[in-house]
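Source file entry-v7.pdb; content: PDB, C-alpha atoms, pLDDT in the B column.
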ATOM      1  CA  MET X  26      -8.183   6.553   2.822  1.00 51.00           C
ATOM      2  CA  SER X  27     -10.133   6.910  -0.385  1.00 52.00           C
ATOM      3  CA  GLY X  28      -8.235  10.025  -1.390  1.00 51.00           C
ATOM      4  CA  HIS X  29      -4.934   8.205  -1.101  1.00 58.00           C
ATOM      5  CA  SER X  30      -6.114   5.576  -3.551  1.00 60.00           C
ATOM      6  CA  LYS X  31      -7.112   8.317  -5.986  1.00 60.00           C
ATOM      7  CA  TRP X  32      -3.704   9.957  -5.630  1.00 62.00           C
ATOM      8  CA  ALA X  33      -2.048   6.599  -6.367  1.00 63.00           C
ATOM      9  CA  GLN X  34      -4.206   6.287  -9.492  1.00 60.00           C
ATOM     10  CA  ILE X  35      -3.186   9.772 -10.636  1.00 58.00           C
ATOM     11  CA  LYS X  36       0.482   8.887 -10.212  1.00 59.00           C
ATOM     12  CA  ARG X  37       0.043   5.656 -12.166  1.00 57.00           C
ATOM     13  CA  GLN X  38      -1.667   7.539 -14.979  1.00 52.00           C
ATOM     14  CA  LYS X  39       1.335   9.839 -15.211  1.00 53.00           C
ATOM     15  CA  GLY X  40       3.448   6.751 -15.794  1.00 54.00           C
ATOM     16  CA  VAL X  41       6.798   5.641 -14.385  1.00 56.00           C
ATOM     17  CA  ASN X  42      10.200   5.444 -15.993  1.00 56.00           C
ATOM     18  CA  ASP X  43      12.232   2.237 -16.267  1.00 59.00           C
ATOM     19  CA  THR X  44      14.321   3.083 -13.205  1.00 61.00           C
ATOM     20  CA  LYS X  45      11.246   3.531 -11.036  1.00 73.00           C
ATOM     21  CA  ARG X  46       9.679   0.346 -12.432  1.00 74.00           C
ATOM     22  CA  GLY X  47      12.830  -1.603 -11.586  1.00 79.00           C
ATOM     23  CA  GLN X  48      12.716  -0.245  -8.038  1.00 82.00           C
ATOM     24  CA  VAL X  49       9.070  -1.302  -7.687  1.00 85.00           C
ATOM     25  CA  PHE X  50       9.931  -4.815  -8.886  1.00 87.00           C
ATOM     26  CA  THR X  51      12.773  -5.017  -6.351  1.00 88.00           C
ATOM     27  CA  LYS X  52      10.398  -4.101  -3.522  1.00 89.00           C
ATOM     28  CA  LEU X  53       7.811  -6.612  -4.722  1.00 89.00           C
ATOM     29  CA  ALA X  54      10.468  -9.345  -4.898  1.00 89.00           C
ATOM     30  CA  ARG X  55      11.470  -8.645  -1.294  1.00 90.00           C
ATOM     31  CA  GLU X  56       7.846  -8.866  -0.133  1.00 89.00           C
ATOM     32  CA  ILE X  57       7.308 -12.119  -2.059  1.00 91.00           C
ATOM     33  CA  SER X  58      10.477 -13.640  -0.585  1.00 90.00           C
ATOM     34  CA  ILE X  59       9.581 -12.647   2.984  1.00 89.00           C
ATOM     35  CA  ALA X  60       6.041 -14.002   2.563  1.00 88.00           C
ATOM     36  CA  ALA X  61       7.305 -17.289   1.103  1.00 89.00           C
ATOM     37  CA  ARG X  62       9.947 -17.665   3.818  1.00 86.00           C
ATOM     38  CA  GLN X  63       7.378 -17.182   6.578  1.00 84.00           C
ATOM     39  CA  GLY X  64       4.466 -19.164   5.160  1.00 86.00           C
ATOM     40  CA  GLY X  65       5.851 -21.412   2.444  1.00 87.00           C
ATOM     41  CA  GLY X  66       5.995 -21.119  -1.314  1.00 87.00           C
ATOM     42  CA  ASP X  67       2.464 -22.323  -2.093  1.00 88.00           C
ATOM     43  CA  PRO X  68       0.190 -19.293  -2.589  1.00 87.00           C
ATOM     44  CA  ASP X  69      -2.930 -21.429  -2.066  1.00 86.00           C
ATOM     45  CA  GLY X  70      -1.865 -21.974   1.529  1.00 86.00           C
ATOM     46  CA  ASN X  71      -0.105 -18.660   2.122  1.00 87.00           C
ATOM     47  CA  PHE X  72      -2.420 -15.646   2.061  1.00 85.00           C
ATOM     48  CA  ARG X  73       0.363 -13.061   2.351  1.00 87.00           C
ATOM     49  CA  LEU X  74       2.238 -14.620  -0.565  1.00 89.00           C
ATOM     50  CA  ARG X  75      -0.935 -14.756  -2.647  1.00 88.00           C
ATOM     51  CA  LEU X  76      -1.545 -11.039  -2.056  1.00 87.00           C
ATOM     52  CA  ALA X  77       2.058 -10.171  -2.920  1.00 89.00           C
ATOM     53  CA  MET X  78       1.887 -12.187  -6.136  1.00 90.00           C
ATOM     54  CA  GLN X  79      -1.429 -10.589  -7.106  1.00 86.00           C
ATOM     55  CA  ARG X  80       0.076  -7.140  -6.555  1.00 85.00           C
ATOM     56  CA  ALA X  81       3.144  -8.080  -8.613  1.00 88.00           C
ATOM     57  CA  ARG X  82       1.029  -9.358 -11.505  1.00 87.00           C
ATOM     58  CA  GLY X  83      -1.134  -6.244 -11.342  1.00 82.00           C
ATOM     59  CA  LEU X  84       2.014  -4.157 -11.845  1.00 83.00           C
ATOM     60  CA  ASN X  85       3.162  -6.387 -14.742  1.00 87.00           C
ATOM     61  CA  MET X  86       6.104  -7.923 -12.924  1.00 89.00           C
ATOM     62  CA  PRO X  87       7.511 -10.764 -15.099  1.00 90.00           C
ATOM     63  CA  ALA X  88       6.542 -14.265 -13.978  1.00 91.00           C
ATOM     64  CA  ASP X  89      10.209 -15.301 -13.922  1.00 92.00           C
ATOM     65  CA  ASN X  90      10.966 -12.567 -11.386  1.00 91.00           C
ATOM     66  CA  ILE X  91       8.127 -13.789  -9.172  1.00 91.00           C
ATOM     67  CA  GLN X  92       9.326 -17.383  -9.277  1.00 91.00           C
ATOM     68  CA  ARG X  93      12.935 -16.351  -8.538  1.00 90.00           C
ATOM     69  CA  ALA X  94      11.753 -14.429  -5.480  1.00 89.00           C
ATOM     70  CA  ILE X  95       9.911 -17.514  -4.199  1.00 89.00           C
ATOM     71  CA  ALA X  96      12.932 -19.741  -4.925  1.00 87.00           C
ATOM     72  CA  ARG X  97      15.192 -17.323  -3.042  1.00 82.00           C
ATOM     73  CA  ALA X  98      13.051 -17.746   0.063  1.00 78.00           C
ATOM     74  CA  SER X  99      13.507 -21.522   0.017  1.00 68.00           C
ATOM     75  CA  GLY X 100      17.247 -21.270  -0.599  1.00 65.00           C
ATOM     76  CA  GLY X 101      17.024 -22.220  -4.244  1.00 53.00           C
ATOM     77  CA  ASP X 102      18.447 -18.876  -5.346  1.00 50.00           C
ATOM     78  CA  ASP X 103      19.870 -17.415  -2.147  1.00 55.00           C
ATOM     79  CA  ASP X 104      22.297 -14.485  -2.391  1.00 57.00           C
ATOM     80  CA  GLY X 105      22.954 -14.514   1.335  1.00 53.00           C
ATOM     81  CA  THR X 106      20.953 -11.340   2.048  1.00 66.00           C
ATOM     82  CA  SER X 107      18.584 -11.466   5.009  1.00 77.00           C
ATOM     83  CA  PHE X 108      15.810  -8.891   5.321  1.00 84.00           C
ATOM     84  CA  GLU X 109      13.825  -7.961   8.414  1.00 89.00           C
ATOM     85  CA  GLU X 110      10.496  -6.190   8.704  1.00 91.00           C
ATOM     86  CA  ILE X 111      10.444  -2.923  10.566  1.00 95.00           C
ATOM     87  CA  THR X 112       8.044   0.005  10.929  1.00 97.00           C
ATOM     88  CA  TYR X 113       8.721   3.705  11.437  1.00 97.00           C
ATOM     89  CA  GLU X 114       6.402   6.405  12.714  1.00 97.00           C
ATOM     90  CA  GLY X 115       6.568  10.153  12.510  1.00 97.00           C
ATOM     91  CA  PHE X 116       4.912  13.470  11.786  1.00 97.00           C
ATOM     92  CA  GLY X 117       4.785  15.411   8.537  1.00 96.00           C
ATOM     93  CA  PRO X 118       3.983  19.061   7.836  1.00 94.00           C
ATOM     94  CA  GLY X 119       0.896  20.256   9.692  1.00 93.00           C
ATOM     95  CA  GLY X 120       1.234  17.484  12.275  1.00 94.00           C
ATOM     96  CA  VAL X 121       0.111  14.784   9.839  1.00 96.00           C
ATOM     97  CA  ALA X 122       0.717  11.238  11.118  1.00 96.00           C
ATOM     98  CA  VAL X 123       2.942   9.046   8.924  1.00 96.00           C
ATOM     99  CA  PHE X 124       3.287   5.267   9.281  1.00 97.00           C
ATOM    100  CA  ILE X 125       5.943   3.387   7.277  1.00 97.00           C
ATOM    101  CA  GLU X 126       6.527  -0.293   6.556  1.00 95.00           C
ATOM    102  CA  ALA X 127      10.044  -1.304   5.504  1.00 95.00           C
ATOM    103  CA  LEU X 128      12.079  -4.386   4.640  1.00 92.00           C
ATOM    104  CA  THR X 129      15.775  -3.892   5.304  1.00 92.00           C
ATOM    105  CA  ASP X 130      19.067  -5.734   5.540  1.00 90.00           C
ATOM    106  CA  ASN X 131      20.619  -2.789   7.418  1.00 93.00           C
ATOM    107  CA  ARG X 132      18.345  -1.013   9.885  1.00 94.00           C
ATOM    108  CA  HIS X 133      20.975   1.658  10.692  1.00 96.00           C
ATOM    109  CA  ARG X 134      21.105   2.711   7.038  1.00 96.00           C
ATOM    110  CA  THR X 135      17.330   2.660   6.694  1.00 96.00           C
ATOM    111  CA  VAL X 136      16.541   4.720   9.792  1.00 97.00           C
ATOM    112  CA  ALA X 137      19.129   7.324   8.726  1.00 97.00           C
ATOM    113  CA  GLU X 138      17.527   7.602   5.270  1.00 97.00           C
ATOM    114  CA  VAL X 139      14.012   7.802   6.693  1.00 98.00           C
ATOM    115  CA  ARG X 140      15.014  10.433   9.266  1.00 97.00           C
ATOM    116  CA  ASN X 141      16.676  12.505   6.555  1.00 97.00           C
ATOM    117  CA  VAL X 142      13.499  12.568   4.457  1.00 97.00           C
ATOM    118  CA  PHE X 143      11.412  13.610   7.450  1.00 97.00           C
ATOM    119  CA  THR X 144      13.834  16.397   8.334  1.00 96.00           C
ATOM    120  CA  ARG X 145      14.104  17.721   4.778  1.00 96.00           C
ATOM    121  CA  GLY X 146      10.322  17.548   4.367  1.00 95.00           C
ATOM    122  CA  GLY X 147       9.557  19.636   7.440  1.00 94.00           C
ATOM    123  CA  GLY X 148       8.561  16.685   9.623  1.00 96.00           C
ATOM    124  CA  ALA X 149      10.103  14.607  12.386  1.00 97.00           C
ATOM    125  CA  LEU X 150      10.708  10.899  12.934  1.00 97.00           C
ATOM    126  CA  GLY X 151       8.937   9.749  16.089  1.00 95.00           C
ATOM    127  CA  GLU X 152       9.282   6.950  18.607  1.00 94.00           C
ATOM    128  CA  THR X 153       7.626   3.565  18.268  1.00 92.00           C
ATOM    129  CA  GLY X 154       3.942   3.948  19.113  1.00 94.00           C
ATOM    130  CA  ALA X 155       3.846   7.668  18.306  1.00 95.00           C
ATOM    131  CA  VAL X 156       1.195   7.339  15.585  1.00 96.00           C
ATOM    132  CA  ALA X 157       0.498   3.620  15.094  1.00 96.00           C
ATOM    133  CA  TRP X 158      -2.598   3.936  17.288  1.00 97.00           C
ATOM    134  CA  ILE X 159      -4.145   6.274  14.694  1.00 96.00           C
ATOM    135  CA  PHE X 160      -4.227   3.522  12.044  1.00 96.00           C
ATOM    136  CA  ASP X 161      -6.228   0.297  11.773  1.00 95.00           C
ATOM    137  CA  ALA X 162      -5.120  -2.604   9.586  1.00 95.00           C
ATOM    138  CA  ARG X 163      -7.805  -3.380   7.013  1.00 94.00           C
ATOM    139  CA  GLY X 164      -8.268  -5.333   3.843  1.00 93.00           C
ATOM    140  CA  CYS X 165      -9.141  -3.179   0.841  1.00 93.00           C
ATOM    141  CA  VAL X 166     -10.693  -4.341  -2.436  1.00 92.00           C
ATOM    142  CA  VAL X 167     -10.677  -1.654  -5.145  1.00 90.00           C
ATOM    143  CA  ILE X 168     -13.296  -1.946  -7.897  1.00 91.00           C
ATOM    144  CA  PRO X 169     -13.540   0.281 -10.993  1.00 88.00           C
ATOM    145  CA  ALA X 170     -16.795   2.261 -10.859  1.00 85.00           C
ATOM    146  CA  LEU X 171     -17.305   2.610 -14.605  1.00 83.00           C
ATOM    147  CA  GLY X 172     -20.383   0.628 -15.643  1.00 84.00           C
ATOM    148  CA  ILE X 173     -20.859  -0.755 -12.139  1.00 87.00           C
ATOM    149  CA  ASP X 174     -23.961  -0.424  -9.968  1.00 89.00           C
ATOM    150  CA  ALA X 175     -22.380   0.905  -6.765  1.00 88.00           C
ATOM    151  CA  ASP X 176     -25.442   0.098  -4.640  1.00 91.00           C
ATOM    152  CA  GLU X 177     -25.477  -3.492  -5.860  1.00 91.00           C
ATOM    153  CA  VAL X 178     -21.752  -3.924  -5.189  1.00 91.00           C
ATOM    154  CA  THR X 179     -22.149  -2.354  -1.749  1.00 91.00           C
ATOM    155  CA  LEU X 180     -24.899  -4.784  -0.787  1.00 92.00           C
ATOM    156  CA  ALA X 181     -22.903  -7.737  -2.128  1.00 92.00           C
ATOM    157  CA  ALA X 182     -19.808  -6.599  -0.228  1.00 93.00           C
ATOM    158  CA  ILE X 183     -21.685  -6.181   3.050  1.00 93.00           C
ATOM    159  CA  ASP X 184     -23.296  -9.595   2.611  1.00 92.00           C
ATOM    160  CA  ALA X 185     -19.788 -11.023   2.041  1.00 91.00           C
ATOM    161  CA  GLY X 186     -18.506  -9.511   5.299  1.00 92.00           C
ATOM    162  CA  ALA X 187     -17.227  -6.030   4.429  1.00 94.00           C
ATOM    163  CA  VAL X 188     -17.052  -3.501   7.276  1.00 94.00           C
ATOM    164  CA  ASP X 189     -17.240  -0.378   5.094  1.00 93.00           C
ATOM    165  CA  VAL X 190     -17.689   0.680   1.474  1.00 92.00           C
ATOM    166  CA  THR X 191     -16.857   4.029  -0.122  1.00 89.00           C
ATOM    167  CA  ALA X 192     -17.607   5.019  -3.709  1.00 85.00           C
ATOM    168  CA  ASP X 193     -17.151   7.881  -6.125  1.00 79.00           C
ATOM    169  CA  THR X 194     -17.242   8.313  -9.893  1.00 78.00           C
ATOM    170  CA  THR X 195     -13.973   6.412 -10.508  1.00 80.00           C
ATOM    171  CA  SER X 196     -13.810   3.572  -8.000  1.00 86.00           C
ATOM    172  CA  ILE X 197     -15.484   1.640  -5.206  1.00 91.00           C
ATOM    173  CA  GLU X 198     -13.392   0.708  -2.187  1.00 92.00           C
ATOM    174  CA  VAL X 199     -14.504  -2.213  -0.050  1.00 94.00           C
ATOM    175  CA  TYR X 200     -12.929  -2.428   3.401  1.00 95.00           C
ATOM    176  CA  THR X 201     -12.772  -5.652   5.391  1.00 95.00           C
ATOM    177  CA  GLU X 202     -11.164  -7.145   8.446  1.00 95.00           C
ATOM    178  CA  VAL X 203      -7.733  -8.338   7.313  1.00 92.00           C
ATOM    179  CA  ASP X 204      -8.532 -12.025   7.790  1.00 91.00           C
ATOM    180  CA  ALA X 205     -11.756 -11.629   5.764  1.00 92.00           C
ATOM    181  CA  LEU X 206     -10.096  -9.954   2.758  1.00 92.00           C
ATOM    182  CA  GLU X 207      -9.644 -13.093   0.681  1.00 89.00           C
ATOM    183  CA  THR X 208     -13.157 -14.339   1.424  1.00 91.00           C
ATOM    184  CA  VAL X 209     -14.724 -11.034   0.353  1.00 93.00           C
ATOM    185  CA  ARG X 210     -12.519 -10.851  -2.738  1.00 91.00           C
ATOM    186  CA  ARG X 211     -13.451 -14.381  -3.797  1.00 90.00           C
ATOM    187  CA  ILE X 212     -17.180 -13.763  -3.306  1.00 92.00           C
ATOM    188  CA  LEU X 213     -17.110 -10.524  -5.303  1.00 92.00           C
ATOM    189  CA  ASP X 214     -15.014 -12.133  -8.019  1.00 90.00           C
ATOM    190  CA  GLY X 215     -17.415 -15.067  -8.114  1.00 92.00           C
ATOM    191  CA  ARG X 216     -20.272 -12.643  -8.741  1.00 90.00           C
ATOM    192  CA  GLY X 217     -18.470 -11.188 -11.734  1.00 90.00           C
ATOM    193  CA  VAL X 218     -17.379  -7.956 -10.051  1.00 90.00           C
ATOM    194  CA  PRO X 219     -14.190  -6.615 -11.723  1.00 90.00           C
ATOM    195  CA  ILE X 220     -11.389  -6.071  -9.205  1.00 89.00           C
ATOM    196  CA  ASP X 221      -8.456  -3.703  -9.675  1.00 86.00           C
ATOM    197  CA  SER X 222      -6.625  -4.746  -6.508  1.00 84.00           C
ATOM    198  CA  ALA X 223      -7.002  -6.463  -3.153  1.00 88.00           C
ATOM    199  CA  ASP X 224      -4.509  -5.741  -0.417  1.00 88.00           C
ATOM    200  CA  ARG X 225      -3.941  -5.103   3.275  1.00 90.00           C
ATOM    201  CA  VAL X 226      -3.729  -1.398   4.079  1.00 92.00           C
ATOM    202  CA  PHE X 227      -3.613   0.850   7.136  1.00 94.00           C
ATOM    203  CA  VAL X 228      -6.610   3.173   7.439  1.00 93.00           C
ATOM    204  CA  PRO X 229      -6.487   6.272   9.674  1.00 94.00           C
ATOM    205  CA  LYS X 230      -9.157   6.583  12.360  1.00 94.00           C
ATOM    206  CA  THR X 231      -9.041  10.383  12.056  1.00 93.00           C
ATOM    207  CA  GLN X 232      -7.809  12.654   9.269  1.00 93.00           C
ATOM    208  CA  VAL X 233      -6.172  16.071   9.168  1.00 93.00           C
ATOM    209  CA  THR X 234      -7.335  18.660   6.626  1.00 91.00           C
ATOM    210  CA  LEU X 235      -4.650  21.052   5.344  1.00 92.00           C
ATOM    211  CA  ASP X 236      -4.536  23.732   2.678  1.00 91.00           C
ATOM    212  CA  LEU X 237      -3.240  22.963  -0.816  1.00 89.00           C
ATOM    213  CA  GLU X 238       0.347  24.051  -0.150  1.00 91.00           C
ATOM    214  CA  ALA X 239       0.693  22.037   3.055  1.00 91.00           C
ATOM    215  CA  THR X 240      -0.990  18.994   1.492  1.00 90.00           C
ATOM    216  CA  ALA X 241       1.429  19.147  -1.442  1.00 90.00           C
ATOM    217  CA  LYS X 242       4.353  19.226   1.022  1.00 93.00           C
ATOM    218  CA  VAL X 243       3.022  16.125   2.778  1.00 93.00           C
ATOM    219  CA  LEU X 244       2.612  14.254  -0.506  1.00 90.00           C
ATOM    220  CA  ARG X 245       6.119  15.219  -1.636  1.00 91.00           C
ATOM    221  CA  MET X 246       7.512  13.872   1.621  1.00 95.00           C
ATOM    222  CA  VAL X 247       5.479  10.655   1.274  1.00 92.00           C
ATOM    223  CA  GLU X 248       6.750  10.191  -2.285  1.00 90.00           C
ATOM    224  CA  ARG X 249      10.363  10.683  -1.165  1.00 94.00           C
ATOM    225  CA  LEU X 250       9.830   8.054   1.508  1.00 96.00           C
ATOM    226  CA  GLU X 251       8.304   5.688  -1.057  1.00 92.00           C
ATOM    227  CA  ASP X 252      11.355   6.232  -3.271  1.00 92.00           C
ATOM    228  CA  LEU X 253      13.673   4.793  -0.602  1.00 94.00           C
ATOM    229  CA  ASP X 254      14.740   1.285  -1.597  1.00 91.00           C
ATOM    230  CA  ASP X 255      13.942  -0.213   1.819  1.00 94.00           C
ATOM    231  CA  VAL X 256      10.477   1.350   2.213  1.00 95.00           C
ATOM    232  CA  GLN X 257       7.562  -0.831   1.137  1.00 93.00           C
ATOM    233  CA  ASN X 258       4.482   1.219   2.076  1.00 93.00           C
ATOM    234  CA  VAL X 259       3.745   4.673   3.472  1.00 94.00           C
ATOM    235  CA  TYR X 260       0.444   5.766   5.024  1.00 94.00           C
ATOM    236  CA  SER X 261      -0.652   9.168   6.322  1.00 94.00           C
ATOM    237  CA  ASN X 262      -3.794  10.677   7.758  1.00 94.00           C
ATOM    238  CA  VAL X 263      -3.862  13.792   5.562  1.00 92.00           C
ATOM    239  CA  GLN X 264      -7.320  14.267   4.038  1.00 89.00           C
ATOM    240  CA  LEU X 265      -7.315  14.355   0.240  1.00 83.00           C
ATOM    241  CA  THR X 266     -10.605  15.922  -0.802  1.00 78.00           C
ATOM    242  CA  PRO X 267     -11.801  15.820  -4.439  1.00 75.00           C
ATOM    243  CA  GLU X 268     -10.983  19.530  -4.688  1.00 78.00           C
ATOM    244  CA  LEU X 269      -7.422  19.018  -3.460  1.00 77.00           C
ATOM    245  CA  LEU X 270      -6.915  16.027  -5.752  1.00 74.00           C
ATOM    246  CA  ALA X 271      -8.114  18.024  -8.751  1.00 76.00           C
ATOM    247  CA  ALA X 272      -5.719  20.853  -7.931  1.00 77.00           C
ATOM    248  CA  LEU X 273      -2.792  18.494  -7.292  1.00 72.00           C
ATOM    249  CA  ALA X 274      -3.384  16.636 -10.575  1.00 71.00           C
ATOM    250  CA  GLU X 275      -2.928  19.822 -12.637  1.00 65.00           C
TER     251      GLU X 275
END

Would you write the structure of this file as structure tokens?
Amino acid sequence: MSGHSKWAQIKRQKGVNDTKRGQVFTKLAREISIAARQGGGDPDGNFRLRLAMQRARGLNMPADNIQRAIARASGGDDDGTSFEEITYEGFGPGGVAVFIEALTDNRHRTVAEVRNVFTRGGGALGETGAVAWIFDARGCVVIPALGIDADEVTLAAIDAGAVDVTADTTSIEVYTEVDALETVRRILDGRGVPIDSADRVFVPKTQVTLDLEATAKVLRMVERLEDLDDVQNVYSNVQLTPELLAALAE
């Protein structure tokens, strides 16, 4: 999983254009609205909403957009659109497992778009349950490594309830049970540990190592999936080693 976080950082460093930023804000607004509709509009009592708002703020989404998304969930700014949560599973180049989370108001349109990306990318859309068993839901707190004592953070994270910690020269990733994510985040924050992000993710139990060309094909397919308006998150079990990441960043 660590490699995927590094790849996301590389993409962010390359920057995004205004069109892509607008698409990201639209996806965040959907997630905020769904979270508020299911658990209420108070982030103090709605963990999913709190995470969605933290992610939105971390990506510089305007506060007005966040509040409109919450209001939409309570009917205060309802455009009549109803979204449902759905997941898709499939296989990418080299047999890599791909797990997708989507929010859609038209599942027939979404599945057609997702299938098209798989087909064009050299993969195949699978049946429900095809790869979900490969992934575990986890909380993930990402901490910048610069100027941080990784051993000290690791001990603090384990004391707070973390189940795993990985570290390299750029970041420290603290993994938790999903329901312990907020507790661990609060404890680390209370100890003055800087936090880049805290979110629920899906972590593969096993990973597949491919050569550079095949890995690049997988990442291109994942990026095309992420570019679909209805797709919220995409996870794969391709292994991104430091050597592959360095080559891909060139």

Nearest candidate to X:Glu268 (options X:Val228, X:Ile59, X:Leu235, X:Val243; using all atoms listed in the file): X:Leu235

Point-to-point distance from atom CA of X:Gly64 to atom CA of X:Ile95, Å rounded to tenths: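 Result for atom CA of X:Gly64 versus atom CA of X:Ile95: 11.0 Å, one decimal.
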
The PyMOL selection byres ((chain X and resi 214) around 12) on the file shown: which residues, as a PDB file with C-alpha atoms, in the frame of the given file?
ATOM      1  CA  VAL X 166     -10.693  -4.341  -2.436  1.00 92.00           C
ATOM      2  CA  VAL X 167     -10.677  -1.654  -5.145  1.00 90.00           C
ATOM      3  CA  ILE X 168     -13.296  -1.946  -7.897  1.00 91.00           C
ATOM      4  CA  VAL X 178     -21.752  -3.924  -5.189  1.00 91.00           C
ATOM      5  CA  ALA X 181     -22.903  -7.737  -2.128  1.00 92.00           C
ATOM      6  CA  ALA X 182     -19.808  -6.599  -0.228  1.00 93.00           C
ATOM      7  CA  ALA X 185     -19.788 -11.023   2.041  1.00 91.00           C
ATOM      8  CA  GLU X 207      -9.644 -13.093   0.681  1.00 89.00           C
ATOM      9  CA  THR X 208     -13.157 -14.339   1.424  1.00 91.00           C
ATOM     10  CA  VAL X 209     -14.724 -11.034   0.353  1.00 93.00           C
ATOM     11  CA  ARG X 210     -12.519 -10.851  -2.738  1.00 91.00           C
ATOM     12  CA  ARG X 211     -13.451 -14.381  -3.797  1.00 90.00           C
ATOM     13  CA  ILE X 212     -17.180 -13.763  -3.306  1.00 92.00           C
ATOM     14  CA  LEU X 213     -17.110 -10.524  -5.303  1.00 92.00           C
ATOM     15  CA  GLY X 215     -17.415 -15.067  -8.114  1.00 92.00           C
ATOM     16  CA  ARG X 216     -20.272 -12.643  -8.741  1.00 90.00           C
ATOM     17  CA  GLY X 217     -18.470 -11.188 -11.734  1.00 90.00           C
ATOM     18  CA  VAL X 218     -17.379  -7.956 -10.051  1.00 90.00           C
ATOM     19  CA  PRO X 219     -14.190  -6.615 -11.723  1.00 90.00           C
ATOM     20  CA  ILE X 220     -11.389  -6.071  -9.205  1.00 89.00           C
ATOM     21  CA  ASP X 221      -8.456  -3.703  -9.675  1.00 86.00           C
ATOM     22  CA  SER X 222      -6.625  -4.746  -6.508  1.00 84.00           C
ATOM     23  CA  ALA X 223      -7.002  -6.463  -3.153  1.00 88.00           C
TER      24      ALA X 223
END

Which of these, X:Leu180, X:Leu53, X:Ala272, X:Val263, has the shortest distance to X:Arg82 once you count only C-alpha atoms?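 Among X:Leu180, X:Leu53, X:Ala272, X:Val263, it is X:Leu53 that comes nearest to X:Arg82.
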
Report the closest atom pair, with its distance in Å rounded to one decimal, for each residue of stretch 193-228 of chain X that has an atom no farther than 12 Å from stretch 246-259 of chain X; count only C-alpha atoms, sort by chain and then rising residue number, and write it as a tab-separated table.
residue	atom	partner	partner_atom	distance
X:Asp224	CA	X:Asn258	CA	11.6
X:Arg225	CA	X:Asn258	CA	10.6
X:Val226	CA	X:Asn258	CA	8.8
X:Phe227	CA	X:Val259	CA	9.1
X:Val228	CA	X:Val259	CA	11.2

Could you tell me how far atom CA of X:Phe124 lies from atom CA of X:Leu273, in Å and to one decimal?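 Going from atom CA of X:Phe124 over to atom CA of X:Leu273, I get 22.1 Å.
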
Using only C-alpha atoms, which of the listed residues (X:Asp236, X:Glu198, X:Asp193, X:Asp184) sits closest to X:Pro267?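 Closest to X:Pro267 of all the choices is X:Asp193.
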
For a test of reading the model, state the distance in Å between atom CA of X:Glu126 and atom CA of X:Thr112, rounded to one decimal.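 Atom CA of X:Thr112 lies at a distance of 4.6 Å from atom CA of X:Glu126.
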